[in-house]
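Trainee: Sharing target_8.txt below, compact mmCIF, C-alpha atoms:
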# COMPACT_ATOMS: atom_id res chain seq x y z
CA MET A 1360 56.27 -24.99 3.91
CA LYS A 1361 55.10 -24.97 0.30
CA LYS A 1362 52.13 -27.16 1.18
CA ALA A 1363 51.24 -24.83 4.06
CA LEU A 1364 51.31 -21.81 1.77
CA LEU A 1365 49.09 -23.53 -0.77
CA LEU A 1366 46.62 -24.47 1.96
CA CYS A 1367 46.61 -20.91 3.25
CA GLY A 1368 45.92 -19.62 -0.27
CA ALA A 1369 43.02 -22.01 -0.69
CA LEU A 1370 41.46 -20.89 2.59
CA LEU A 1371 41.82 -17.24 1.62
CA ALA A 1372 40.14 -17.94 -1.72
CA VAL A 1373 37.15 -19.51 0.02
CA SER A 1374 36.69 -16.60 2.42
CA ALA A 1375 37.50 -13.84 -0.06
CA SER A 1376 35.72 -10.59 0.74
CA ILE A 1377 34.64 -9.90 -2.85
CA ALA A 1378 33.47 -12.50 -5.37
CA SER A 1379 34.69 -11.05 -8.65
CA ALA A 1380 33.17 -13.72 -10.93
CA ALA A 1381 29.69 -13.30 -9.48
CA GLY A 1382 27.11 -10.54 -9.77
CA ILE A 1383 23.92 -9.05 -8.34
CA ASN A 1384 20.80 -7.67 -10.02
CA LEU A 1385 17.94 -5.39 -9.04
CA SER A 1386 14.92 -4.88 -11.31
CA TYR A 1387 11.23 -4.15 -11.13
CA THR A 1388 8.74 -7.00 -11.62
CA GLN A 1389 11.12 -9.69 -12.93
CA CYS A 1390 14.67 -10.96 -12.42
CA GLY A 1391 17.70 -9.20 -13.82
CA ALA A 1392 17.67 -8.23 -17.49
CA LEU A 1393 14.03 -9.35 -17.82
CA GLY A 1394 12.85 -6.65 -15.44
CA LEU A 1395 12.47 -2.88 -15.66
CA ALA A 1396 15.01 -0.26 -14.59
CA ASN A 1397 12.56 2.55 -13.81
CA LYS A 1398 9.05 2.98 -12.46
CA THR A 1399 6.87 6.02 -13.03
CA PHE A 1400 3.74 6.50 -10.93
CA ALA A 1401 1.23 9.33 -11.31
CA CYS A 1402 0.80 9.52 -7.51
CA THR A 1403 -2.97 9.85 -7.84
CA ALA A 1404 -4.12 6.72 -5.99
CA ASN A 1405 -3.57 4.84 -2.75
CA THR A 1406 -4.00 1.43 -4.35
CA GLY A 1407 -1.47 -0.82 -6.02
CA SER A 1408 2.23 -1.41 -5.41
CA ASP A 1409 5.58 -1.79 -7.15
CA VAL A 1410 7.80 -4.84 -6.72
CA MET A 1411 11.59 -4.83 -6.88
CA VAL A 1412 13.30 -8.18 -7.45
CA ALA A 1413 16.81 -8.85 -6.17
CA SER A 1414 18.81 -11.74 -7.60
CA TYR A 1415 22.38 -12.98 -7.79
CA VAL A 1416 24.78 -15.14 -9.74
CA ALA A 1417 26.88 -16.96 -7.16
CA PRO A 1418 30.63 -17.43 -7.30
CA ALA A 1419 32.12 -20.85 -7.88
CA GLY A 1420 33.03 -22.87 -4.84
CA THR A 1421 29.99 -22.59 -2.57
CA GLN A 1422 29.55 -25.58 -0.25
CA GLY A 1423 26.48 -24.96 1.87
CA ILE A 1424 24.60 -21.64 1.78
CA THR A 1425 22.85 -21.00 5.08
CA GLY A 1426 21.65 -17.48 4.43
CA MET A 1427 21.83 -14.14 2.67
CA GLU A 1428 22.47 -10.61 3.89
CA ALA A 1429 21.59 -7.71 1.56
CA VAL A 1430 22.37 -3.99 1.62
CA ILE A 1431 20.21 -1.53 -0.34
CA ASP A 1432 20.81 2.23 -0.40
CA LEU A 1433 18.25 4.84 -1.42
CA GLN A 1434 19.02 8.40 -2.44
CA SER A 1435 16.50 11.12 -3.25
CA ALA A 1436 16.96 13.97 -5.69
CA ALA A 1437 15.49 16.20 -3.01
CA ALA A 1438 17.58 17.62 -0.16
CA THR A 1439 15.87 15.28 2.30
CA LEU A 1440 14.38 11.83 1.85
CA PRO A 1441 10.64 12.42 1.28
CA ALA A 1442 8.07 11.34 3.83
CA TRP A 1443 6.71 8.95 1.17
CA TRP A 1444 9.97 6.96 1.50
CA GLN A 1445 9.97 6.85 5.29
CA PHE A 1446 9.34 3.21 6.27
CA LYS A 1447 9.56 0.77 9.17
CA ASN A 1448 10.70 3.08 11.97
CA ALA A 1449 8.32 4.29 14.69
CA GLY A 1450 6.62 7.50 13.62
CA ALA A 1451 7.49 7.02 9.92
CA CYS A 1452 4.84 8.46 7.61
CA ARG A 1453 4.44 5.16 5.71
CA GLN A 1454 5.69 2.77 8.37
CA THR A 1455 4.07 -0.34 6.91
CA ALA A 1456 4.33 0.50 3.19
CA LEU A 1457 7.51 -1.56 2.58
CA ALA A 1458 7.44 -5.36 2.67
CA VAL A 1459 10.12 -7.89 1.78
CA ALA A 1460 9.67 -11.59 1.07
CA PRO A 1461 11.77 -14.64 0.05
CA ASN A 1462 9.22 -15.52 -2.63
CA GLY A 1463 7.07 -13.92 -5.29
CA ALA A 1464 9.39 -13.93 -8.30
CA THR A 1465 10.74 -16.59 -10.63
CA CYS A 1466 14.42 -16.58 -11.57
CA ASP A 1467 16.39 -19.44 -13.09
CA GLY A 1468 17.06 -20.69 -9.57
CA ASP A 1469 15.19 -20.45 -6.24
CA TYR A 1470 17.50 -21.61 -3.49
CA TRP A 1471 14.98 -20.83 -0.76
CA ALA A 1472 12.28 -23.17 -2.10
CA GLY A 1473 9.86 -21.77 0.46
CA GLN A 1474 12.11 -22.66 3.40
CA ALA A 1475 13.65 -19.26 4.24
CA SER A 1476 12.82 -17.03 7.18
CA GLY A 1477 13.90 -13.49 7.96
CA GLY A 1478 13.12 -9.99 6.73
CA VAL A 1479 14.13 -6.37 7.26
CA THR A 1480 16.65 -5.91 10.07
CA ALA A 1481 17.01 -2.12 9.78
CA TYR A 1482 15.90 0.91 7.79
CA ILE A 1483 18.38 3.65 8.59
CA THR A 1484 17.59 7.26 7.72
CA PRO A 1485 19.25 9.64 7.49
CA TYR A 1486 22.20 7.50 6.50
CA ALA A 1487 25.90 8.51 6.61
CA THR A 1488 24.88 12.03 7.75
CA ALA A 1489 23.02 12.59 4.45
CA ALA A 1490 19.42 13.69 4.95
CA ASN A 1491 18.37 12.44 1.50
CA ARG A 1492 19.62 8.88 1.95
CA ALA A 1493 18.49 5.68 3.64
CA ARG A 1494 19.98 2.22 4.06
CA LEU A 1495 17.87 -0.95 4.06
CA LEU A 1496 19.30 -4.15 5.57
CA ILE A 1497 17.69 -7.53 4.84
CA ILE A 1498 18.53 -11.03 6.07
CA TYR A 1499 17.12 -14.43 5.09
CA ALA A 1500 18.29 -17.86 6.19
CA VAL A 1501 17.46 -21.56 6.04
CA PRO A 1502 18.10 -24.24 8.67
CA SER A 1503 21.67 -25.56 8.53
CA THR A 1504 20.27 -29.00 7.71
CA LEU A 1505 19.09 -27.60 4.36
CA ALA A 1506 22.38 -25.90 3.45
CA ALA A 1507 23.61 -26.83 -0.02
CA PRO A 1508 25.86 -25.41 -2.76
CA VAL A 1509 24.50 -23.29 -5.60
CA ASP A 1510 25.37 -23.37 -9.28
CA ALA A 1511 27.81 -20.65 -10.33
CA ASP A 1512 26.13 -20.26 -13.73
CA VAL A 1513 22.56 -19.71 -12.52
CA GLU A 1514 20.77 -16.48 -11.59
CA TYR A 1515 19.12 -17.14 -8.22
CA PHE A 1516 16.20 -15.29 -6.71
CA ALA A 1517 17.14 -13.46 -3.49
CA PHE A 1518 14.05 -11.51 -2.34
CA THR A 1519 11.31 -9.11 -3.38
CA ALA A 1520 10.87 -5.64 -1.91
CA THR A 1521 7.34 -4.32 -2.40
CA VAL A 1522 6.49 -0.63 -2.03
CA SER A 1523 2.77 -0.01 -1.51
CA HIS A 1524 0.97 3.10 -2.77
CA VAL A 1525 -0.91 3.63 0.50
CA LYS A 1526 -1.11 7.17 1.92
CA THR A 1527 -0.21 8.78 -1.41
CA VAL A 1528 -3.25 11.09 -1.69
CA GLY A 1529 -6.02 12.38 0.53
CA THR A 1530 -6.23 12.73 4.28
CA GLY A 1531 -3.09 11.55 6.03
CA SER A 1532 -1.10 11.33 2.80
CA CYS A 1533 2.71 11.52 2.80
CA ALA A 1534 4.51 14.04 0.60
CA GLY A 1535 7.20 13.20 -1.92
CA CYS A 1536 5.78 10.43 -4.11
CA SER A 1537 6.72 12.34 -7.26
CA ASP A 1538 10.33 12.99 -6.19
CA PRO A 1539 12.96 11.01 -8.15
CA VAL A 1540 14.76 8.35 -6.10
CA CYS A 1541 17.67 6.07 -6.90
CA ILE A 1542 17.72 2.60 -5.32
CA VAL A 1543 20.95 0.60 -5.36
CA LEU A 1544 21.55 -3.01 -4.34
CA ASN A 1545 25.09 -2.57 -3.04
CA GLU A 1546 25.79 -6.05 -1.76
CA ILE A 1547 24.52 -9.57 -1.24
CA LYS A 1548 26.52 -11.69 1.15
CA LEU A 1549 25.98 -15.45 0.94
CA THR A 1550 26.71 -16.97 4.33
CA GLN A 1551 27.92 -20.50 5.01
CA GLY A 1552 28.59 -22.57 8.11
CA VAL A 1553 31.28 -21.68 10.64
CA GLY A 1554 34.77 -22.20 9.23
CA ILE A 1555 33.64 -22.56 5.61
CA GLY A 1556 33.69 -18.90 4.55
CA ASP A 1557 31.18 -16.38 3.23
CA PHE A 1558 30.92 -14.71 -0.18
CA ARG A 1559 30.31 -10.98 -0.61
CA ILE A 1560 28.96 -10.12 -4.08
CA GLN A 1561 29.09 -6.44 -4.97
CA ASN A 1562 29.53 -6.06 -8.72
CA PRO A 1563 26.45 -6.01 -10.98
CA ALA A 1564 25.57 -8.98 -13.17
CA ASP A 1565 23.26 -6.94 -15.44
CA ARG A 1566 22.21 -3.92 -13.34
CA ASN A 1567 22.32 -3.46 -9.58
CA TYR A 1568 20.03 -0.42 -9.39
CA VAL A 1569 16.55 0.82 -10.23
CA SER A 1570 15.09 4.30 -10.24
CA TRP A 1571 11.78 5.81 -9.19
CA GLN A 1572 10.13 8.58 -11.21
CA GLY A 1573 13.07 8.69 -13.61
CA GLY A 1574 15.62 9.29 -10.87
CA VAL A 1575 18.59 8.94 -13.21
CA VAL A 1576 21.60 10.94 -14.33
CA ALA A 1577 23.21 10.26 -17.72
CA GLY A 1578 21.34 6.98 -18.12
CA GLY A 1579 21.89 5.53 -14.66
CA CYS A 1580 21.32 6.13 -10.97
CA PRO A 1581 24.05 8.46 -9.73
CA ALA A 1582 24.59 6.25 -6.70
CA ALA A 1583 25.26 3.27 -8.96
CA THR A 1584 28.52 4.77 -10.24
CA PRO A 1585 30.84 5.37 -7.28
CA THR A 1586 33.61 6.90 -9.40
CA ARG A 1587 31.45 9.81 -10.57
CA ASN A 1588 30.23 12.82 -8.61
CA ALA A 1589 26.69 13.44 -9.81
CA THR A 1590 24.53 16.50 -9.27
CA TRP A 1591 22.98 14.94 -6.20
CA GLY A 1592 26.30 15.24 -4.38
CA SER A 1593 29.32 13.05 -3.94
CA VAL A 1594 28.31 9.40 -4.26
CA LYS A 1595 31.62 7.80 -3.36
CA SER A 1596 30.55 7.80 0.27
CA LEU A 1597 27.75 5.38 -0.61
CA TYR A 1598 30.31 2.57 -0.87
CA ARG A 1599 31.82 2.72 2.61
Written as structure tokens, how would this file's structure read?
Mentor:
Amino acid sequence: MKKALLLCGALLAVSASIASAAGINLSYTQCGALGLANKTFACTANTGSDVMVASYVAPAGTQGITGMEAVIDLQSAAATLPAWWQFKNAGACRQTALAVAPNGATCDGDYWAGQASGGVTAYITPYATAANRARLLIIYAVPSTLAAPVDADVEYFAFTATVSHVKTVGTGSCAGCSDPVCIVLNEIKLTQGVGIGDFRIQNPADRNYVSWQGGVVAGGCPAATPTRNATWGSVKSLYR
């Protein structure tokens, strides 16, 4: 009986829903603490872009990572999410202005090594009945034959999310570029083979959010602090 209980405990540890020793990061331009927390754009040109870099420090005990699932939430200071932040969906004002990729940034580790495939699986807006919010879902994976463990002490590159400046000014432009927006990387789930167990990483390593146009309250995105109700409304619901 004692042996069975120990085995059960070991299995639960492998498939634990939250990896407390690990962490996730979101920054502009570079990985983690090397990157920027805020971007300010004058909204006077249709050229150029801004790159967000997502990364993670994995928990101990990984055996063979087959993929990654990421959840990013956006929240505008305005009552509704601006047209400038409407991506992907049919009829969106800037349908093609958001691109994600499993390359383009250098962290301490790059598990993908150019072998990953995937992309955006959904851009949901409005999200959770809030007209000023959106949820972005991203998945990348490698063939099971390439699955391997990752080092628990290394910050690994996850993906880049690039927001283009197209349709900011002039004919056909989309309103709302100057509105402050908070962008939070809520979770990265590292998936493994069937029966091995996955790892959900939700706590920040350095910082799991960035802001656009200074979209911050008391030094941080309001949506990045679920225990505080900021002026943009209750943010506890962001962590459902």
Trainee: Using all atoms listed in the file, find all polymer residues with an atom at most 8 Å away from the point (19.9, -7.2, -6.1); report them as number ranges by chain.
Mentor: A: 1383-1386, 1412-1415, 1429, 1517, 1543-1547, 1567-1568
Trainee: Just want the 6 Å neighbourhood of region 1442-1451 of chain A, counted on only C-alpha atoms, with same-chain residues fewer than 6 positions away dropped. Output as a VMD selection string.
Mentor: chain A and resid 1533 to 1536
Trainee: Between CA of Ala1417 (chain A) and CA of Val1522 (chain A), what distance in Å does the model show, to one decimal?
Mentor: 26.6 Å
Trainee: Go through A:Cys1452, A:Ile1483, A:Ala1520, A:Cys1541 one by one, measure the shortest atom-to-atom distance of each to Ala1396 (chain A) using all atoms listed in the file, and give the residue with the smallest value.
Mentor: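 Nearest candidate to Ala1396 (chain A) out of A:Cys1452, A:Ile1483, A:Ala1520, A:Cys1541: A:Cys1541.
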Trainee: Rank nothing, just name the residue among A:Gly1473, A:Pro1441, A:Cys1466, A:Gln1434 nearest to Tyr1486 (chain A), using only C-alpha atoms.
Mentor: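 Checking each candidate against Tyr1486 (chain A), we get A:Gln1434 as the closest.
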Trainee: N, CA and C atoms for region 1451-1481 of chain A, written as a short mmCIF file (atom, residue, chain, number, x, y, z; two decimals), keeping the file's coordinate frame, could you do that?
Mentor:
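Done, and the output landed in selection.cif:
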data_model
loop_
_atom_site.label_atom_id
_atom_site.label_comp_id
_atom_site.auth_asym_id
_atom_site.auth_seq_id
_atom_site.Cartn_x
_atom_site.Cartn_y
_atom_site.Cartn_z
N ALA A 1451 7.31 6.82 11.36
CA ALA A 1451 7.49 7.02 9.92
C ALA A 1451 6.14 7.24 9.25
N CYS A 1452 6.11 8.11 8.26
CA CYS A 1452 4.84 8.46 7.61
C CYS A 1452 4.18 7.25 6.96
N ARG A 1453 4.99 6.36 6.36
CA ARG A 1453 4.44 5.16 5.71
C ARG A 1453 5.12 3.93 6.32
N GLN A 1454 4.96 3.79 7.59
CA GLN A 1454 5.69 2.77 8.37
C GLN A 1454 5.53 1.37 7.82
N THR A 1455 4.34 1.03 7.35
CA THR A 1455 4.07 -0.34 6.91
C THR A 1455 4.01 -0.50 5.39
N ALA A 1456 4.49 0.52 4.65
CA ALA A 1456 4.33 0.50 3.19
C ALA A 1456 5.43 -0.28 2.46
N LEU A 1457 6.45 -0.75 3.19
CA LEU A 1457 7.51 -1.56 2.58
C LEU A 1457 7.46 -2.97 3.14
N ALA A 1458 7.44 -3.96 2.25
CA ALA A 1458 7.44 -5.36 2.67
C ALA A 1458 8.44 -6.14 1.85
N VAL A 1459 9.19 -7.02 2.50
CA VAL A 1459 10.12 -7.89 1.78
C VAL A 1459 9.70 -9.34 1.97
N ALA A 1460 10.07 -10.18 1.01
CA ALA A 1460 9.67 -11.59 1.07
C ALA A 1460 10.67 -12.45 0.31
N PRO A 1461 10.86 -13.72 0.75
CA PRO A 1461 11.77 -14.64 0.05
C PRO A 1461 11.06 -15.43 -1.03
N ASN A 1462 9.98 -14.86 -1.56
CA ASN A 1462 9.22 -15.52 -2.63
C ASN A 1462 8.50 -14.45 -3.44
N GLY A 1463 7.86 -14.86 -4.51
CA GLY A 1463 7.07 -13.92 -5.29
C GLY A 1463 7.65 -13.59 -6.64
N ALA A 1464 8.80 -14.15 -6.98
CA ALA A 1464 9.39 -13.93 -8.30
C ALA A 1464 10.06 -15.22 -8.76
N THR A 1465 10.15 -15.39 -10.06
CA THR A 1465 10.74 -16.59 -10.63
C THR A 1465 12.02 -16.25 -11.38
N CYS A 1466 13.14 -16.68 -10.87
CA CYS A 1466 14.42 -16.58 -11.57
C CYS A 1466 14.79 -17.97 -12.07
N ASP A 1467 15.96 -18.12 -12.64
CA ASP A 1467 16.39 -19.44 -13.09
C ASP A 1467 16.50 -20.40 -11.91
N GLY A 1468 16.92 -19.87 -10.76
CA GLY A 1468 17.06 -20.69 -9.57
C GLY A 1468 16.36 -20.08 -8.38
N ASP A 1469 15.81 -20.91 -7.49
CA ASP A 1469 15.19 -20.45 -6.24
C ASP A 1469 15.75 -21.31 -5.11
N TYR A 1470 16.84 -20.84 -4.53
CA TYR A 1470 17.50 -21.61 -3.49
C TYR A 1470 16.61 -21.78 -2.26
N TRP A 1471 15.79 -20.78 -1.98
CA TRP A 1471 14.98 -20.83 -0.76
C TRP A 1471 13.93 -21.93 -0.80
N ALA A 1472 13.31 -22.13 -1.94
CA ALA A 1472 12.28 -23.17 -2.10
C ALA A 1472 11.25 -23.14 -0.98
N GLY A 1473 10.89 -21.93 -0.57
CA GLY A 1473 9.86 -21.77 0.46
C GLY A 1473 10.31 -22.05 1.88
N GLN A 1474 11.61 -22.27 2.10
CA GLN A 1474 12.11 -22.66 3.40
C GLN A 1474 12.77 -21.52 4.19
N ALA A 1475 12.91 -20.34 3.60
CA ALA A 1475 13.65 -19.26 4.24
C ALA A 1475 12.80 -18.47 5.23
N SER A 1476 13.46 -17.94 6.23
CA SER A 1476 12.82 -17.03 7.18
C SER A 1476 13.73 -15.83 7.39
N GLY A 1477 13.13 -14.71 7.76
CA GLY A 1477 13.90 -13.49 7.96
C GLY A 1477 13.10 -12.27 7.57
N GLY A 1478 13.79 -11.20 7.13
CA GLY A 1478 13.12 -9.99 6.73
C GLY A 1478 14.02 -8.78 6.90
N VAL A 1479 13.39 -7.61 7.08
CA VAL A 1479 14.13 -6.37 7.26
C VAL A 1479 14.72 -6.32 8.67
N THR A 1480 16.01 -6.06 8.76
CA THR A 1480 16.65 -5.91 10.07
C THR A 1480 16.83 -4.46 10.45
N ALA A 1481 16.88 -3.55 9.47
CA ALA A 1481 17.01 -2.12 9.78
C ALA A 1481 16.67 -1.29 8.56
#
